[in-house]
file my_file-v1.txt (compact mmCIF, C-alpha atoms)
# COMPACT_ATOMS: atom_id res chain seq x y z
CA MET A 1 162.37 121.37 119.76
CA ALA A 2 161.83 117.60 119.59
CA LYS A 3 161.79 115.98 116.17
CA LEU A 4 158.25 115.23 114.85
CA ALA A 5 157.69 111.50 114.29
CA ILE A 6 155.23 110.55 111.55
CA LYS A 7 153.87 107.05 111.09
CA SER A 8 154.43 105.45 107.70
CA ASP A 9 151.43 105.20 105.36
CA ASN A 10 153.10 103.34 102.53
CA ARG A 11 150.20 101.76 100.64
CA LYS A 12 152.54 99.71 98.43
CA GLN A 13 154.09 97.81 101.32
CA ASN A 14 153.66 94.04 100.83
CA LEU A 15 152.43 92.10 103.84
CA LEU A 16 153.80 88.68 104.67
CA LEU A 17 150.48 87.70 106.28
CA PRO A 18 147.61 89.75 104.83
CA PRO A 19 144.88 90.66 107.38
CA SER A 20 141.64 88.67 107.32
CA LEU A 21 138.34 90.49 106.86
CA ASP A 22 137.09 88.65 109.94
CA GLU A 23 139.71 90.48 112.03
CA LEU A 24 138.29 93.83 110.90
CA VAL A 25 134.71 93.09 112.02
CA PRO A 26 134.10 93.66 115.78
CA GLU A 27 132.82 90.65 117.70
CA ASN A 28 129.68 92.48 118.88
CA HIS A 29 128.79 94.15 115.58
CA MET A 30 125.23 93.90 114.24
CA VAL A 31 126.45 92.26 111.03
CA ARG A 32 127.50 89.17 113.03
CA VAL A 33 123.98 88.94 114.52
CA VAL A 34 122.46 89.00 111.02
CA ASP A 35 124.91 86.31 109.90
CA ALA A 36 124.19 84.04 112.90
CA VAL A 37 120.39 84.38 112.74
CA ILE A 38 120.03 83.73 109.01
CA ASP A 39 122.36 80.73 109.23
CA GLN A 40 119.70 79.08 111.42
CA LEU A 41 116.83 79.59 108.96
CA ASP A 42 115.30 77.05 106.60
CA ILE A 43 115.16 78.72 103.17
CA SER A 44 113.75 75.77 101.24
CA ASP A 45 110.92 77.98 99.88
CA ILE A 46 113.53 80.28 98.33
CA LEU A 47 115.58 77.36 97.03
CA SER A 48 112.48 75.99 95.31
CA THR A 49 112.54 78.98 92.93
CA TYR A 50 115.88 77.83 91.45
CA ARG A 51 115.69 75.44 88.47
CA GLY A 52 119.29 74.25 88.58
CA GLY A 53 121.67 73.77 85.69
CA GLY A 54 123.53 76.53 83.89
CA ASN A 55 126.05 78.75 85.63
CA SER A 56 126.54 78.58 89.40
CA ALA A 57 124.27 80.82 91.47
CA PHE A 58 125.17 83.11 94.35
CA ASN A 59 124.44 81.51 97.72
CA PRO A 60 120.75 82.34 98.50
CA LYS A 61 121.52 82.72 102.21
CA MET A 62 124.36 85.12 101.44
CA MET A 63 122.01 87.20 99.27
CA LEU A 64 119.42 87.24 102.06
CA LYS A 65 122.03 88.32 104.62
CA VAL A 66 123.17 91.18 102.39
CA LEU A 67 119.60 92.41 101.85
CA VAL A 68 118.68 92.21 105.54
CA PHE A 69 121.83 94.02 106.64
CA ALA A 70 121.32 96.66 103.93
CA TYR A 71 117.76 97.30 105.14
CA LEU A 72 118.98 97.52 108.74
CA SER A 73 121.45 100.14 107.51
CA ASN A 74 118.63 102.08 105.76
CA VAL A 75 119.98 101.16 102.32
CA TYR A 76 117.30 100.06 99.85
CA SER A 77 118.76 100.86 96.42
CA SER A 78 120.17 97.83 94.59
CA ARG A 79 122.81 100.04 92.95
CA ARG A 80 123.85 101.34 96.37
CA ILE A 81 124.06 97.78 97.73
CA GLU A 82 126.23 96.81 94.74
CA GLU A 83 128.54 99.72 95.55
CA LEU A 84 128.80 98.78 99.24
CA LEU A 85 129.70 95.18 98.32
CA CYS A 86 132.82 96.61 96.69
CA ARG A 87 133.99 99.02 99.39
CA ASP A 88 132.29 98.44 102.76
CA ILE A 89 134.12 96.03 105.09
CA TYR A 90 130.92 94.69 106.68
CA PHE A 91 129.20 93.99 103.37
CA MET A 92 132.37 92.44 101.93
CA TRP A 93 132.69 90.17 104.98
CA LEU A 94 129.02 89.17 104.89
CA ALA A 95 129.19 88.35 101.16
CA GLY A 96 132.50 86.52 101.41
CA MET A 97 133.94 89.02 98.86
CA LYS A 98 131.31 88.03 96.29
CA ARG A 99 129.97 90.92 94.22
CA PRO A 100 126.51 90.37 92.70
CA ASP A 101 125.48 93.31 90.53
CA PHE A 102 122.34 95.39 91.01
CA ARG A 103 120.36 93.34 88.47
CA THR A 104 121.06 90.11 90.37
CA ILE A 105 120.13 91.79 93.65
CA ASN A 106 116.89 93.12 92.17
CA TYR A 107 115.97 89.75 90.65
CA TYR A 108 116.61 87.95 93.95
CA ARG A 109 114.56 90.49 95.87
CA GLY A 110 111.67 90.67 93.40
CA LYS A 111 111.44 87.01 92.27
CA ARG A 112 113.28 84.64 94.62
CA LEU A 113 112.50 86.29 97.95
CA LYS A 114 108.88 86.92 96.99
CA GLU A 115 108.10 83.21 97.40
CA GLY A 116 109.96 82.64 100.66
CA PHE A 117 109.75 85.90 102.58
CA ASP A 118 106.71 84.94 104.65
CA ALA A 119 108.34 81.70 105.84
CA VAL A 120 111.59 83.53 106.67
CA PHE A 121 109.70 86.17 108.67
CA THR A 122 107.82 83.50 110.65
CA GLN A 123 111.03 81.62 111.48
CA VAL A 124 112.72 84.78 112.76
CA VAL A 125 109.79 85.55 115.09
CA GLU A 126 109.75 81.93 116.31
CA LEU A 127 113.47 82.24 117.02
CA LEU A 128 112.79 85.41 119.04
CA HIS A 129 110.09 83.47 120.91
CA GLU A 130 112.50 80.63 121.73
CA GLU A 131 115.06 83.14 123.02
CA GLY A 132 112.43 84.83 125.22
CA PHE A 133 112.29 88.19 123.44
CA VAL A 134 108.58 87.81 122.58
CA SER A 135 105.86 85.71 124.24
CA LEU A 136 103.30 85.77 121.37
CA LYS A 137 100.66 86.18 124.11
CA VAL A 138 99.91 89.79 123.20
CA GLN A 139 99.54 91.83 120.02
CA TYR A 140 99.72 95.60 119.79
CA ILE A 141 97.96 96.16 116.47
CA ASP A 142 97.85 99.27 114.34
CA GLY A 143 97.32 100.02 110.68
CA THR A 144 98.75 102.58 108.35
CA LYS A 145 97.99 103.47 104.75
CA ILE A 146 100.83 103.25 102.24
CA GLU A 147 100.47 105.06 98.93
CA SER A 148 100.84 103.05 95.74
CA VAL A 149 103.24 104.11 92.99
CA ALA A 150 100.21 104.25 90.66
CA ASN A 151 99.07 107.55 89.19
CA LYS A 152 96.31 109.08 91.32
CA TYR A 153 94.30 109.95 88.18
CA THR A 154 93.93 106.32 87.03
CA PHE A 155 90.91 105.56 89.22
CA VAL A 156 87.94 103.34 88.37
CA TRP A 157 84.90 103.74 90.64
CA ARG A 158 82.24 101.08 91.18
CA GLY A 159 79.39 103.61 91.22
CA SER A 160 80.44 105.10 87.90
CA VAL A 161 80.93 101.71 86.23
CA GLU A 162 77.59 100.34 87.44
CA LYS A 163 75.75 103.53 86.41
CA ASN A 164 77.26 103.58 82.91
CA ASP A 165 76.72 99.83 82.52
CA ALA A 166 73.05 100.10 83.48
CA LYS A 167 72.45 103.05 81.12
CA LEU A 168 74.15 101.25 78.24
CA LYS A 169 72.16 98.05 78.77
CA ALA A 170 68.85 99.92 79.04
CA LYS A 171 69.52 101.90 75.88
CA THR A 172 70.65 98.80 73.97
CA GLU A 173 67.63 96.78 75.14
CA THR A 174 65.28 99.56 74.03
CA LEU A 175 66.85 99.81 70.55
CA LEU A 176 66.86 96.04 70.06
CA ARG A 177 63.24 95.71 71.18
CA GLN A 178 62.14 98.54 68.88
CA ILE A 179 63.85 97.02 65.83
CA GLU A 180 62.37 93.61 66.65
CA LEU A 181 58.86 95.13 66.92
CA ASN A 182 59.31 97.08 63.68
CA HIS A 183 59.96 93.86 61.78
CA ALA A 184 57.54 91.61 63.69
CA ILE A 185 60.24 89.35 65.14
CA GLU A 186 58.60 87.12 67.73
CA THR A 187 59.26 88.42 71.26
CA GLN A 188 59.29 84.82 72.55
CA GLU A 189 62.63 84.38 70.78
CA ASN A 190 64.03 87.38 72.62
CA PRO A 191 62.65 87.47 76.16
CA VAL A 192 63.37 90.68 78.05
CA SER A 193 66.58 90.18 80.03
CA GLU A 194 66.93 91.64 83.50
CA ASP A 195 70.69 91.87 83.00
CA LEU A 196 71.55 92.11 79.33
CA THR A 197 74.95 90.64 78.43
CA ALA A 198 77.32 91.27 75.55
CA GLU A 199 76.72 87.71 74.31
CA GLU A 200 72.96 88.24 74.22
CA VAL A 201 73.36 91.51 72.31
CA THR A 202 75.56 89.80 69.71
CA GLN A 203 73.06 86.93 69.31
CA ARG A 204 70.08 89.25 68.91
CA VAL A 205 71.87 91.45 66.38
CA GLU A 206 72.79 88.37 64.32
CA ARG A 207 69.20 87.04 64.60
CA ILE A 208 67.80 90.35 63.29
CA LYS A 209 70.21 90.31 60.35
CA ALA A 210 69.28 86.70 59.57
CA LYS A 211 65.52 87.33 59.66
CA VAL A 212 65.41 90.77 57.99
CA GLU A 213 66.92 91.59 54.65
CA ALA A 214 69.38 94.47 54.70
CA ALA A 215 67.26 96.43 52.22
CA LYS A 216 64.29 96.33 54.60
CA LEU A 217 66.30 97.81 57.45
CA SER A 218 66.20 101.60 57.61
CA LYS A 219 69.41 103.61 57.55
CA GLU A 220 68.99 104.44 61.24
CA GLU A 221 68.43 100.78 62.15
CA ARG A 222 71.54 99.67 60.26
CA LYS A 223 73.51 102.38 62.06
CA ASP A 224 72.12 101.27 65.45
CA LEU A 225 72.98 97.59 64.82
CA LYS A 226 76.52 98.51 63.76
CA ARG A 227 76.96 100.70 66.84
CA MET A 228 75.76 97.89 69.10
CA LYS A 229 78.26 95.43 67.65
CA GLU A 230 81.26 97.75 67.46
CA ASP A 231 80.66 99.97 70.51
CA ALA A 232 78.08 98.61 72.96
CA VAL A 233 79.40 95.03 73.07
CA PRO A 234 83.07 96.03 73.75
CA ARG A 235 81.94 98.50 76.41
CA MET A 236 79.79 95.86 78.14
CA ASN A 237 82.76 93.49 78.19
CA ARG A 238 84.99 96.25 79.57
CA TYR A 239 82.53 97.11 82.36
CA LYS A 240 82.26 93.41 83.22
CA GLU A 241 86.06 93.09 83.46
CA GLN A 242 86.28 96.23 85.60
CA LEU A 243 83.69 94.95 88.07
CA ALA A 244 85.46 91.58 88.23
CA THR A 245 88.78 93.30 88.96
CA MET A 246 87.12 95.43 91.63
CA GLY A 247 85.60 92.45 93.43
CA THR A 248 84.04 93.69 96.68
CA ARG A 249 85.89 97.01 96.56
CA ASN A 250 84.51 100.38 95.51
CA SER A 251 87.51 101.42 93.42
CA TYR A 252 90.86 100.42 91.94
CA SER A 253 93.71 101.93 89.94
CA LYS A 254 94.16 101.13 86.24
CA THR A 255 97.97 101.01 86.58
CA ASP A 256 97.95 99.07 89.88
CA PRO A 257 94.72 97.02 89.99
CA ASP A 258 95.46 95.73 93.50
CA ALA A 259 95.50 99.28 94.93
CA THR A 260 92.29 100.81 96.32
CA PHE A 261 91.62 104.52 96.59
CA MET A 262 91.87 105.65 100.21
CA ARG A 263 92.02 108.93 102.08
CA MET A 264 95.64 109.31 103.17
CA LYS A 265 96.75 110.87 106.45
CA GLU A 266 99.36 112.98 104.71
CA ASP A 267 98.67 114.56 101.37
CA ALA A 268 100.90 116.80 99.27
CA MET A 269 97.93 119.09 98.49
CA LEU A 270 96.83 119.14 102.15
CA ASN A 271 93.22 118.66 101.10
CA GLY A 272 92.54 115.04 102.09
CA GLN A 273 92.73 113.82 98.53
CA LEU A 274 91.96 110.18 97.76
CA LYS A 275 94.94 108.22 96.46
CA PRO A 276 95.58 104.59 95.44
CA GLY A 277 97.11 102.69 98.32
CA TYR A 278 97.07 99.76 100.72
CA ASN A 279 96.09 99.36 104.36
CA VAL A 280 99.04 97.69 106.12
CA GLN A 281 98.33 96.08 109.51
CA ILE A 282 101.23 95.39 111.89
CA SER A 283 101.42 93.59 115.25
CA THR A 284 104.25 94.32 117.67
CA GLU A 285 105.47 93.01 120.99
CA ASN A 286 108.49 94.30 122.88
CA GLN A 287 109.24 96.51 119.82
CA PHE A 288 109.49 93.48 117.51
CA ILE A 289 107.08 93.06 114.59
CA THR A 290 105.33 89.72 115.09
CA ASN A 291 102.75 89.78 112.27
CA PHE A 292 101.77 91.83 109.24
CA GLY A 293 99.05 91.94 106.63
CA ILE A 294 98.31 93.99 103.52
CA TYR A 295 94.66 94.78 102.81
CA GLN A 296 92.60 96.54 100.17
CA ARG A 297 89.98 97.71 102.69
CA PRO A 298 90.62 101.27 103.91
CA THR A 299 89.24 100.88 107.46
CA ASP A 300 90.90 98.83 110.21
CA THR A 301 87.59 97.55 111.60
CA LEU A 302 86.95 95.54 108.43
CA THR A 303 90.37 93.85 108.59
CA MET A 304 90.44 92.91 112.29
CA ILE A 305 88.92 89.40 112.14
CA SER A 306 90.92 88.17 109.14
CA TYR A 307 94.08 89.71 110.58
CA LEU A 308 93.68 87.88 113.90
CA GLU A 309 93.07 84.67 111.96
CA SER A 310 96.32 85.22 110.05
CA PHE A 311 98.21 85.34 113.39
CA ARG A 312 96.73 81.99 114.40
CA ALA A 313 97.53 80.49 111.00
CA ARG A 314 101.13 81.71 111.20
CA TYR A 315 101.99 80.42 114.69
CA GLY A 316 99.29 77.86 115.48
CA ILE A 317 98.24 79.82 118.57
CA GLN A 318 96.23 82.96 119.26
CA SER A 319 97.34 85.81 121.48
CA GLN A 320 95.54 86.14 124.78
call {"tool": "encode", "arguments": {"input": "my_file-v1.txt", "output": "structure tokens"}}
result
Amino acid sequence: MAKLAIKSDNRKQNLLLPPSLDELVPENHMVRVVDAVIDQLDISDILSTYRGGGNSAFNPKMMLKVLVFAYLSNVYSSRRIEELLCRDIYFMWLAGMKRPDFRTINYYRGKRLKEGFDAVFTQVVELLHEEGFVSLKVQYIDGTKIESVANKYTFVWRGSVEKNDAKLKAKTETLLRQIELNHAIETQENPVSEDLTAEEVTQRVERIKAKVEAAKLSKEERKDLKRMKEDAVPRMNRYKEQLATMGTRNSYSKTDPDATFMRMKEDAMLNGQLKPGYNVQISTENQFITNFGIYQRPTDTLTMISYLESFRARYGIQSQ
């Protein structure tokens, strides 16, 4: 029987010429494409978020390369990216052996990249256009609803707010008018308001107190005036703020005011429950995303015109 030959695996063997990381990355690997593409981009919008001074910062382009390659590898956790920067050859090569921690990665993604992402996206699509991968003459548009991380029980509805606001104002107007009539306060000083405001309520309460001695006010009237000042006025202000936050929408979430309640395609309860979310519109051509938009309106028909205008604003041309 021939003698079995086993290759040496001595991990303590010193190398005269240590291998380069570049030698371990195949020439046609995706990580080299990410590196080459991002090297061509203008990231001045991202650089504008840096104030300068203090300790040296990680190269913004290197951070962008790491994030893009991580997303292409279906890795989204900053802690997982930090781990890969320490043990994955491709991440180590892309980062030049630099090792930003998960906090730095999160800050870059949430603060730095927030300002420059749109410009970076546009440049990548324009690069694809120059290379002939997309023509920008056609858009295949579709929308999908993405659920917000907000609690589904934190809703505020326009109908409910307007109804409660109207009831409160009518009740307050009636009480104020009755007290004014009881003490012969001239109605010309307090004309009936079609839309009573918190400021008007406060002024009228103070005017009643100034014109009528406290002893002449009944116990019920004093209680009503106190309730108006301490309860009705704050509630009116709150309803006003809620309607301002809502804008033209019919609802919003208290914990994510930008989210609107929409009927989702998939629901854990399988009963078509309304949930806070966003309507995301995406254009594609040749399987590349060429435009995107995030909307608070639940139906695609109401986003179409503004979405087409965003394509023209991004590239200076409109698809045919």
call {"tool": "closest_atom_pairs", "arguments": {"input": "my_file-v1.txt", "of": "segment 65-129 of chain A", "to": "segment 7-28 of chain A", "cutoff": "12 Å", "atoms": "all atoms listed in the file", "output": "Markdown table"}}
result
| residue | atom | partner | partner_atom | distance |
| --- | --- | --- | --- | --- |
| A:Asp88 | CA | A:Leu21 | CA | 10.8 |
| A:Ile89 | CA | A:Leu21 | CA | 7.2 |
| A:Tyr90 | CA | A:Val25 | CA | 6.7 |
| A:Phe91 | CA | A:Val25 | CA | 10.3 |
| A:Met92 | CA | A:Leu21 | CA | 8.0 |
| A:Trp93 | CA | A:Leu21 | CA | 6.0 |
| A:Leu94 | CA | A:Asp22 | CA | 9.5 |
| A:Ala95 | CA | A:Leu21 | CA | 11.0 |
| A:Gly96 | CA | A:Leu21 | CA | 8.9 |
| A:Met97 | CA | A:Leu21 | CA | 9.2 |
call {"tool": "closest_residue", "arguments": {"input": "my_file-v1.txt", "among": "A:Met246, A:Val201, A:Leu217, A:Ile46", "to": "Ile179 of chain A", "atoms": "all atoms listed in the file"}}
result
A:Leu217
call {"tool": "atom_distance", "arguments": {"input": "my_file-v1.txt", "atom1": "atom CA of Asn106 of chain A", "atom2": "atom CA of Arg80 of chain A"}}
result
11.6 Å
call {"tool": "closest_residue", "arguments": {"input": "my_file-v1.txt", "among": "A:Met264, A:Ala170, A:Leu41, A:Val161", "to": "Gln242 of chain A", "atoms": "all atoms listed in the file"}}
result
A:Val161
call {"tool": "residues_around", "arguments": {"input": "my_file-v1.txt", "residues": "Met304 of chain A", "least_positions_apart": "5", "cutoff": "10 Å", "atoms": "only C-alpha atoms", "output": "list in words"}}
result
Ile141, Asp142, Gln281, Thr299, Glu309 and Ser310 of chain A
call {"tool": "closest_residue", "arguments": {"input": "my_file-v1.txt", "among": "A:Val66, A:Ser77, A:Val37, A:Ile6", "to": "Glu131 of chain A", "atoms": "all atoms listed in the file"}}
result
A:Val37
call {"tool": "closest_residue", "arguments": {"input": "my_file-v1.txt", "among": "A:Asp45, A:Arg109, A:Tyr50, A:Lys169", "to": "Lys65 of chain A", "atoms": "all atoms listed in the file"}}
result
A:Arg109
call {"tool": "residues_around", "arguments": {"input": "my_file-v1.txt", "residues": "Asp258 of chain A", "least_positions_apart": "3", "cutoff": "10 Å", "atoms": "only C-alpha atoms", "output": "PyMOL selection string"}}
result
chain A and resi 148+245-246+251-255+276-278+295-296
call {"tool": "atom_distance", "arguments": {"input": "my_file-v1.txt", "atom1": "atom CA of Met262 of chain A", "atom2": "atom CA of Lys240 of chain A"}}
result
23.0 Å
call {"tool": "closest_residue", "arguments": {"input": "my_file-v1.txt", "among": "A:Leu302, A:Val205, A:Ile43, A:Val212", "to": "Gly116 of chain A", "atoms": "all atoms listed in the file"}}
result
A:Ile43
call {"tool": "residues_near_point", "arguments": {"input": "my_file-v1.txt", "point": "(68.6, 86.2, 61.5)", "cutoff": "12 Å", "atoms": "only C-alpha atoms", "output": "JSON, numbers by chain"}}
result
{"A": [180, 183, 185, 186, 189, 202, 203, 204, 205, 206, 207, 208, 209, 210, 211, 212, 213, 214]}
call {"tool": "atom_distance", "arguments": {"input": "my_file-v1.txt", "atom1": "atom CA of Asp165 of chain A", "atom2": "atom CA of Glu199 of chain A"}}
result
14.6 Å
call {"tool": "closest_residue", "arguments": {"input": "my_file-v1.txt", "among": "A:Glu220, A:Asp118, A:Glu200, A:Glu82", "to": "Phe102 of chain A", "atoms": "only C-alpha atoms"}}
result
A:Glu82
